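Notes follow once the structure below has been shown.
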Amino acid sequence: MYNIALLPGDGIGPEVIKEAKKVLYAIQERFGIKFNFKEGSVGGAAYEVFGAPLPDDTLNLVKDSDAVLFGAVGGPKWDHLKRELRPEQAILKLRKELNLFANLRPAVCYRFLADSSPLKNNIISGNLDLLIVRELTGGLYFGTPRGRENTGQTVRAFDTMVYTSEEIKRVARVAFEAARKRRKKVTSVDKANVLETSKLWREVVDEVSKEYPDVELSHMYVDNCAMQLVLNPGQFDVILTENTFGDILSDEASVLTGSIGMLPSASIGEKGPFLYEPCHGSAPDIAGKGIANPIACILSAAMMLEYSFDEKEAAMCIKDAVEKSLELGYRTYDIKEGEGKVLATSEMGDVIKKI
Ligand code: NAI
Ligand code: MG
């Protein structure tokens with residue numbers, strides 16, 4: 001029995017979580033696995049009721065669970081709030097509380113969707129299927145000191161980029177382990193020609209790679225990687241990188257696949273519960289219309305089965321069902337081609353569930 005905390009959140013969050021739950025119920029029947037779902041309030045929805053984006057009850061529920069499936073949070077209604085009350089704080093706080101230091105984002109371009117990618121020619125020839133492993137709790141976004149100083153006429157602002165060898169080691173291991181289950185290639189991305197943190201990054205990754213003689217390691221500068229992702233994304237298997245570079249590169253990679261509505265993610269650490277969520281946000285522009293693409297959330301559930309529960313067969317079953325649905329021509333509006341029929345969120349969930 002697996003205890004799953006469901007945190008639907010705001011906007012299309014609840015709409016896509018509903019479909020993922022539907023698919024998990026089908027998996028439960030087919031594979032004889034038992035899921036115990038508990039729902040928690042998070043984001044703007046939680047602020048409205050409890051005055052906080054991540055109430056204690058939700059955090060306790062999460063800590064008692066085996067894995068967390070998260071929808072999305074945020075919306076214009078809460079944009080005026082001060083920083084610590086904003087819905088988006090919930091996700092940052094969750095990552096910190098659960099010590100989730102690695103963010104895994106697969107970018108796959110499904111054969112049947114290649115036409116909707118802006119780079120279709122590259123992708124068809126390059127067969128895009130890569131995984132970005134981004135360090136999530138260190139580097140520039142968390143380093144101190146940070147702040148401002150007034151020095152006479154000018155204002156000085158500063159951030160600090162810090163990494164310890166331990167922080168690098170543990171996320172590197174995640175990347176090498178993941179590569180082992182894939183095409184056994186890690187590209188570590190840094191700026192070692194300029195940054196001291198990157199020099200240490202390279203040294204530590206080289207050291208860790210000795211534990212994985214079956215995995216091929218190469219290093220690439222981040223500016224070159226940004227270019228190579230567009231020129232020839234098929235060359236990559238696993239990309240390992242630090243927080244800031246990973247933030248930018250993973251958004252870049254997401255565009256290659258056609259729609260953000262297709263992209264799942266996992267945030268993992270040394271021990272669970274880990275957190276799974278679609279890469280997209282709450283999409284206020286389409287919320288409530290029942291047209292959101294539920295695939296990103298459904299594939300996030302598949303990642304949960306794989307990484308948290310080691311239910312590989314069940315995870316593969318979901319991935320196959322998604323691919324098959326696309327092959328059969330089922331589309332939501334964000335991935336539609338020409339005059340093809342467009343399904344509602346719940347119809348897409350039904351199709352995937354039945355396959
Ligand atoms: P967004 O990802 O919500 O939307 C970007 C565009 O993609 C919109 O046009 C939207 O309609 C479309 N889109 C997103 N998901 C889709 C899906 N499943 N199916 C079809 N179309 C989809 O990003 P945006 O607009 O920058 O942010 C909206 C709100 O979400 C903001 O409040 C932001 O802070 C929040 N956000 C929350 C995240 C999270 O909960 N982890 C992540 C990113 C943004
Ligand atoms: Mg980003």
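In the structure tokens, chains take the letters A, B, ... in the order shown, each chain's residues start at 1, and ligands count up from 1 in the order shown.
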**OP:** Using only C-alpha atoms, determine which residues lie at most 10 Å from Ile27 (chain A), disregarding the query and same-chain residues fewer than 3 positions distant; provide the list as a list in words.
**Re:** Lys21, Lys22, Val23, Leu24, Arg30, Phe31, Gly32, Ile33, Lys34, Phe35, Ala314, Ala315, Cys317, Ile318 and Lys353 of chain A
Write the residues you've just listed into a file as a CSV table (one decimal), in the first residue's frame, and include C-alpha atoms for each of them.
```csv
chain,number,residue,atom,x,y,z
A,21,LYS,CA,-5.9,10.0,-10.1
A,22,LYS,CA,-8.2,8.3,-12.6
A,23,VAL,CA,-5.2,6.7,-14.3
A,24,LEU,CA,-3.7,5.6,-11.0
A,30,ARG,CA,-4.5,-3.9,-13.4
A,31,PHE,CA,-1.4,-4.4,-11.3
A,32,GLY,CA,-3.0,-5.2,-7.9
A,33,ILE,CA,-1.2,-2.3,-6.3
A,34,LYS,CA,-3.0,-0.4,-3.6
A,35,PHE,CA,-2.9,3.4,-3.4
A,314,ALA,CA,3.2,0.0,-14.0
A,315,ALA,CA,5.1,3.2,-14.9
A,317,CYS,CA,2.2,1.0,-18.8
A,318,ILE,CA,1.2,4.6,-18.3
A,353,LYS,CA,-7.0,5.2,-18.7
```
Please report, as a Markdown table, each residue of chain A lying at most 8 Å from ligand 1, together with the nearest pair of atoms and the separation in Å rounded to one decimal; use only C-alpha atoms and all ligand atoms, and order rows by chain and ascending residue number.
```
| residue | atom | partner | partner_atom_place_in_ligand_line | distance |
| --- | --- | --- | --- | --- |
| A:Gly9 | CA | ligand 1 | 40 (O) | 7.8 |
| A:Gly11 | CA | ligand 1 | 30 (O) | 8.0 |
| A:Ile12 | CA | ligand 1 | 18 (N) | 7.2 |
| A:Gly13 | CA | ligand 1 | 40 (O) | 7.9 |
| A:Val16 | CA | ligand 1 | 18 (N) | 7.2 |
| A:Phe70 | CA | ligand 1 | 40 (O) | 7.9 |
| A:Gly71 | CA | ligand 1 | 40 (O) | 6.6 |
| A:Ala72 | CA | ligand 1 | 40 (O) | 3.4 |
| A:Val73 | CA | ligand 1 | 40 (O) | 3.9 |
| A:Gly74 | CA | ligand 1 | 32 (O) | 3.6 |
| A:Gly75 | CA | ligand 1 | 32 (O) | 3.8 |
| A:Pro76 | CA | ligand 1 | 32 (O) | 6.1 |
| A:Trp78 | CA | ligand 1 | 32 (O) | 7.9 |
| A:Asp79 | CA | ligand 1 | 32 (O) | 7.2 |
| A:Pro87 | CA | ligand 1 | 34 (O) | 7.7 |
| A:Glu88 | CA | ligand 1 | 34 (O) | 5.9 |
| A:Ile91 | CA | ligand 1 | 41 (N) | 6.5 |
| A:Ser259 | CA | ligand 1 | 21 (N) | 7.3 |
| A:Ile260 | CA | ligand 1 | 15 (N) | 5.8 |
| A:Gly261 | CA | ligand 1 | 18 (N) | 3.7 |
| A:Met262 | CA | ligand 1 | 18 (N) | 7.1 |
| A:Glu277 | CA | ligand 1 | 41 (N) | 7.1 |
| A:Pro278 | CA | ligand 1 | 41 (N) | 7.4 |
| A:Cys279 | CA | ligand 1 | 42 (C) | 6.2 |
| A:His280 | CA | ligand 1 | 2 (O) | 3.6 |
| A:Gly281 | CA | ligand 1 | 3 (O) | 3.2 |
| A:Ser282 | CA | ligand 1 | 30 (O) | 4.1 |
| A:Ala283 | CA | ligand 1 | 3 (O) | 3.2 |
| A:Pro284 | CA | ligand 1 | 28 (C) | 5.9 |
| A:Asp285 | CA | ligand 1 | 11 (O) | 5.3 |
| A:Ile286 | CA | ligand 1 | 11 (O) | 5.3 |
| A:Ala287 | CA | ligand 1 | 11 (O) | 7.8 |
| A:Ile291 | CA | ligand 1 | 20 (C) | 7.0 |
| A:Ala292 | CA | ligand 1 | 19 (N) | 3.7 |
| A:Asn293 | CA | ligand 1 | 19 (N) | 3.7 |
| A:Pro294 | CA | ligand 1 | 18 (N) | 5.6 |
| A:Ile295 | CA | ligand 1 | 18 (N) | 7.2 |
| A:Ala296 | CA | ligand 1 | 18 (N) | 6.6 |
| A:Cys297 | CA | ligand 1 | 18 (N) | 7.9 |
| A:Thr332 | CA | ligand 1 | 20 (C) | 7.5 |
| A:Tyr333 | CA | ligand 1 | 20 (C) | 7.0 |
| A:Asp334 | CA | ligand 1 | 20 (C) | 5.1 |
```
Write out, as a short mmCIF file (atom, residue, chain, number, x, y, z; two decimals), in the first residue's frame, the residues just selected, with N, CA and C atoms.
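Output contents, as saved in result.cif:
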```cif
data_model
loop_
_atom_site.label_atom_id
_atom_site.label_comp_id
_atom_site.auth_asym_id
_atom_site.auth_seq_id
_atom_site.Cartn_x
_atom_site.Cartn_y
_atom_site.Cartn_z
N GLY A 9 -3.99 22.26 -5.69
CA GLY A 9 -3.62 23.67 -5.83
C GLY A 9 -4.64 24.49 -6.59
N GLY A 11 -6.02 26.91 -10.25
CA GLY A 11 -6.16 26.94 -11.72
C GLY A 11 -6.42 25.56 -12.27
N ILE A 12 -5.59 25.16 -13.27
CA ILE A 12 -5.79 23.85 -13.87
C ILE A 12 -5.21 22.72 -13.01
N GLY A 13 -4.55 23.06 -11.89
CA GLY A 13 -3.99 22.05 -10.99
C GLY A 13 -5.00 20.94 -10.66
N VAL A 16 -6.05 18.68 -13.71
CA VAL A 16 -5.13 17.65 -14.21
C VAL A 16 -4.86 16.56 -13.15
N PHE A 70 1.72 16.80 -7.04
CA PHE A 70 1.40 18.22 -6.89
C PHE A 70 0.83 18.73 -8.22
N GLY A 71 -0.23 19.54 -8.17
CA GLY A 71 -0.80 20.09 -9.40
C GLY A 71 -0.06 21.35 -9.83
N ALA A 72 -0.59 22.50 -9.47
CA ALA A 72 0.08 23.77 -9.76
C ALA A 72 -0.50 24.81 -8.82
N VAL A 73 0.27 25.86 -8.57
CA VAL A 73 -0.23 26.93 -7.70
C VAL A 73 -0.03 28.30 -8.35
N GLY A 74 -0.81 29.25 -7.89
CA GLY A 74 -0.64 30.64 -8.31
C GLY A 74 -1.78 31.14 -9.18
N GLY A 75 -1.79 32.46 -9.38
CA GLY A 75 -2.81 33.09 -10.20
C GLY A 75 -2.85 34.58 -9.92
N PRO A 76 -3.42 35.34 -10.85
CA PRO A 76 -3.41 36.81 -10.71
C PRO A 76 -4.09 37.30 -9.43
N TRP A 78 -3.71 36.39 -6.52
CA TRP A 78 -2.82 36.43 -5.36
C TRP A 78 -1.50 37.14 -5.64
N ASP A 79 -1.39 37.74 -6.83
CA ASP A 79 -0.12 38.37 -7.20
C ASP A 79 0.21 39.59 -6.34
N PRO A 87 1.18 32.05 -3.32
CA PRO A 87 1.02 30.61 -3.53
C PRO A 87 2.31 29.89 -3.92
N GLU A 88 3.14 30.55 -4.74
CA GLU A 88 4.37 29.92 -5.24
C GLU A 88 5.35 29.55 -4.11
N ILE A 91 5.64 25.71 -3.00
CA ILE A 91 6.49 24.73 -3.67
C ILE A 91 7.94 24.87 -3.20
N SER A 259 4.72 21.13 -26.41
CA SER A 259 3.86 21.83 -25.46
C SER A 259 4.30 21.56 -24.04
N ILE A 260 4.21 22.60 -23.23
CA ILE A 260 4.55 22.45 -21.81
C ILE A 260 3.54 21.53 -21.12
N GLY A 261 2.40 21.36 -21.74
CA GLY A 261 1.36 20.47 -21.20
C GLY A 261 1.72 18.99 -21.27
N MET A 262 2.90 18.68 -21.82
CA MET A 262 3.35 17.29 -21.97
C MET A 262 4.44 16.91 -20.97
N GLU A 277 5.42 16.65 -10.12
CA GLU A 277 4.50 17.69 -10.60
C GLU A 277 4.71 17.95 -12.08
N PRO A 278 3.63 18.40 -12.75
CA PRO A 278 3.83 18.83 -14.13
C PRO A 278 4.71 20.07 -14.15
N CYS A 279 5.44 20.30 -15.26
CA CYS A 279 6.31 21.48 -15.34
C CYS A 279 5.53 22.78 -15.49
N HIS A 280 4.30 22.66 -15.97
CA HIS A 280 3.54 23.89 -16.20
C HIS A 280 2.99 24.48 -14.91
N GLY A 281 2.49 25.71 -15.01
CA GLY A 281 1.87 26.37 -13.87
C GLY A 281 0.36 26.20 -13.87
N SER A 282 -0.33 27.14 -13.24
CA SER A 282 -1.77 26.99 -13.04
C SER A 282 -2.59 27.46 -14.24
N ALA A 283 -1.92 27.99 -15.27
CA ALA A 283 -2.56 28.40 -16.53
C ALA A 283 -3.89 29.12 -16.33
N PRO A 284 -3.88 30.28 -15.68
CA PRO A 284 -5.14 30.99 -15.41
C PRO A 284 -5.93 31.29 -16.68
N ASP A 285 -5.24 31.41 -17.81
CA ASP A 285 -5.95 31.75 -19.06
C ASP A 285 -6.90 30.65 -19.53
N ILE A 286 -6.66 29.41 -19.13
CA ILE A 286 -7.56 28.33 -19.58
C ILE A 286 -8.23 27.60 -18.41
N ALA A 287 -7.95 28.05 -17.18
CA ALA A 287 -8.51 27.37 -16.00
C ALA A 287 -10.03 27.42 -16.03
N ILE A 291 -10.14 22.29 -20.69
CA ILE A 291 -9.41 21.98 -21.94
C ILE A 291 -7.92 21.73 -21.71
N ALA A 292 -7.46 21.82 -20.47
CA ALA A 292 -6.02 21.64 -20.20
C ALA A 292 -5.56 20.24 -20.58
N ASN A 293 -4.33 20.14 -21.00
CA ASN A 293 -3.72 18.85 -21.32
C ASN A 293 -3.30 18.17 -20.01
N PRO A 294 -3.85 17.00 -19.72
CA PRO A 294 -3.52 16.34 -18.45
C PRO A 294 -2.27 15.46 -18.53
N ILE A 295 -1.63 15.38 -19.71
CA ILE A 295 -0.55 14.40 -19.90
C ILE A 295 0.66 14.67 -18.99
N ALA A 296 1.03 15.94 -18.81
CA ALA A 296 2.18 16.25 -17.94
C ALA A 296 1.96 15.69 -16.53
N CYS A 297 0.74 15.83 -16.04
CA CYS A 297 0.45 15.36 -14.69
C CYS A 297 0.38 13.84 -14.65
N THR A 332 -5.29 17.11 -27.21
CA THR A 332 -5.91 18.27 -26.56
C THR A 332 -5.55 19.49 -27.41
N TYR A 333 -6.16 20.62 -27.09
CA TYR A 333 -6.04 21.75 -28.01
C TYR A 333 -4.60 22.25 -28.19
N ASP A 334 -3.78 22.11 -27.13
CA ASP A 334 -2.42 22.65 -27.20
C ASP A 334 -1.51 21.86 -28.14
#
```
**OP:** Taking the chain letters and numbering used in this document, name the residues of region 46-143 of chain A that DSSP puts in helix (DSSP H, G or I), as an NGL selection string.
**Re:** :A and (46-50 or 56-63 or 76-78 or 83-85 or 89-97 or 111-116 or 120-126 or 139-141)
**OP:** Using only C-alpha atoms and all ligand atoms, find each protein or nucleic acid residue lying at most 8 Å from ligand 2; present the set as number ranges by chain.
**Re:** A: 247-248, 250-251
Long-range neighbours of Val174 (chain A) as a PDB file with C-alpha atoms, in the first residue's frame, 12 Å cut-off, only C-alpha atoms, 3 positions minimum in chain:
```
ATOM      1  CA  LEU A 100      14.663  17.641  -2.393  1.00  0.00           C
ATOM      2  CA  PHE A 101      17.997  18.585  -3.918  1.00  0.00           C
ATOM      3  CA  ALA A 102      17.612  17.129  -7.424  1.00  0.00           C
ATOM      4  CA  ASN A 103      15.038  18.105 -10.024  1.00  0.00           C
ATOM      5  CA  LEU A 104      14.524  15.640 -12.868  1.00  0.00           C
ATOM      6  CA  LEU A 131      16.710  14.052 -18.992  1.00  0.00           C
ATOM      7  CA  ILE A 132      17.872  17.178 -17.210  1.00  0.00           C
ATOM      8  CA  VAL A 133      19.066  16.698 -13.628  1.00  0.00           C
ATOM      9  CA  ARG A 134      19.170  20.106 -12.006  1.00  0.00           C
ATOM     10  CA  GLU A 135      20.619  20.827  -8.558  1.00  0.00           C
ATOM     11  CA  GLU A 167      26.119  19.105  -2.572  1.00  0.00           C
ATOM     12  CA  ILE A 168      27.706  18.370  -5.929  1.00  0.00           C
ATOM     13  CA  LYS A 169      28.431  14.758  -5.129  1.00  0.00           C
ATOM     14  CA  ARG A 170      24.886  13.822  -4.157  1.00  0.00           C
ATOM     15  CA  VAL A 171      23.228  15.368  -7.213  1.00  0.00           C
ATOM     16  CA  GLU A 177      22.169   6.444 -11.486  1.00  0.00           C
ATOM     17  CA  ALA A 178      19.568   7.785 -13.922  1.00  0.00           C
ATOM     18  CA  ALA A 179      21.966   7.438 -16.870  1.00  0.00           C
ATOM     19  CA  ARG A 180      22.574   3.820 -15.931  1.00  0.00           C
ATOM     20  CA  LYS A 181      18.896   3.127 -16.572  1.00  0.00           C
ATOM     21  CA  VAL A 186      26.087  12.076 -18.730  1.00  0.00           C
ATOM     22  CA  VAL A 205      31.786  15.115 -11.023  1.00  0.00           C
ATOM     23  CA  VAL A 208      32.019  10.584  -8.797  1.00  0.00           C
ATOM     24  CA  SER A 209      32.226   9.251 -12.351  1.00  0.00           C
ATOM     25  CA  TYR A 212      30.281   4.566 -12.636  1.00  0.00           C
ATOM     26  CA  VAL A 238      21.364  12.950 -19.188  1.00  0.00           C
ATOM     27  CA  ILE A 239      22.343  16.593 -18.627  1.00  0.00           C
ATOM     28  CA  LEU A 240      23.650  17.284 -15.112  1.00  0.00           C
ATOM     29  CA  THR A 241      23.855  20.900 -14.026  1.00  0.00           C
ATOM     30  CA  ALA A 266      10.284  14.823 -10.185  1.00  0.00           C
ATOM     31  CA  SER A 267      12.068  16.435  -7.246  1.00  0.00           C
ATOM     32  CA  ILE A 268      14.024  13.928  -5.258  1.00  0.00           C
ATOM     33  CA  GLY A 269      16.471  13.783  -2.348  1.00  0.00           C
ATOM     34  CA  GLU A 270      18.236  11.229  -0.200  1.00  0.00           C
ATOM     35  CA  TYR A 307      11.251   6.589  -8.683  1.00  0.00           C
TER      36      TYR A 307
END
```
Original post:
Which is closer to Leu92 (chain A) than all the others in A:Asn60, A:Ser65, A:Thr137, A:Asn3, using only C-alpha atoms?
Top reply: A:Thr137
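With only C-alpha atoms as the atoms that count, the residue of A:Met348, A:Val108, A:Val62, A:Ala90 with the shortest distance to Ala46 (chain A) is A:Ala90.
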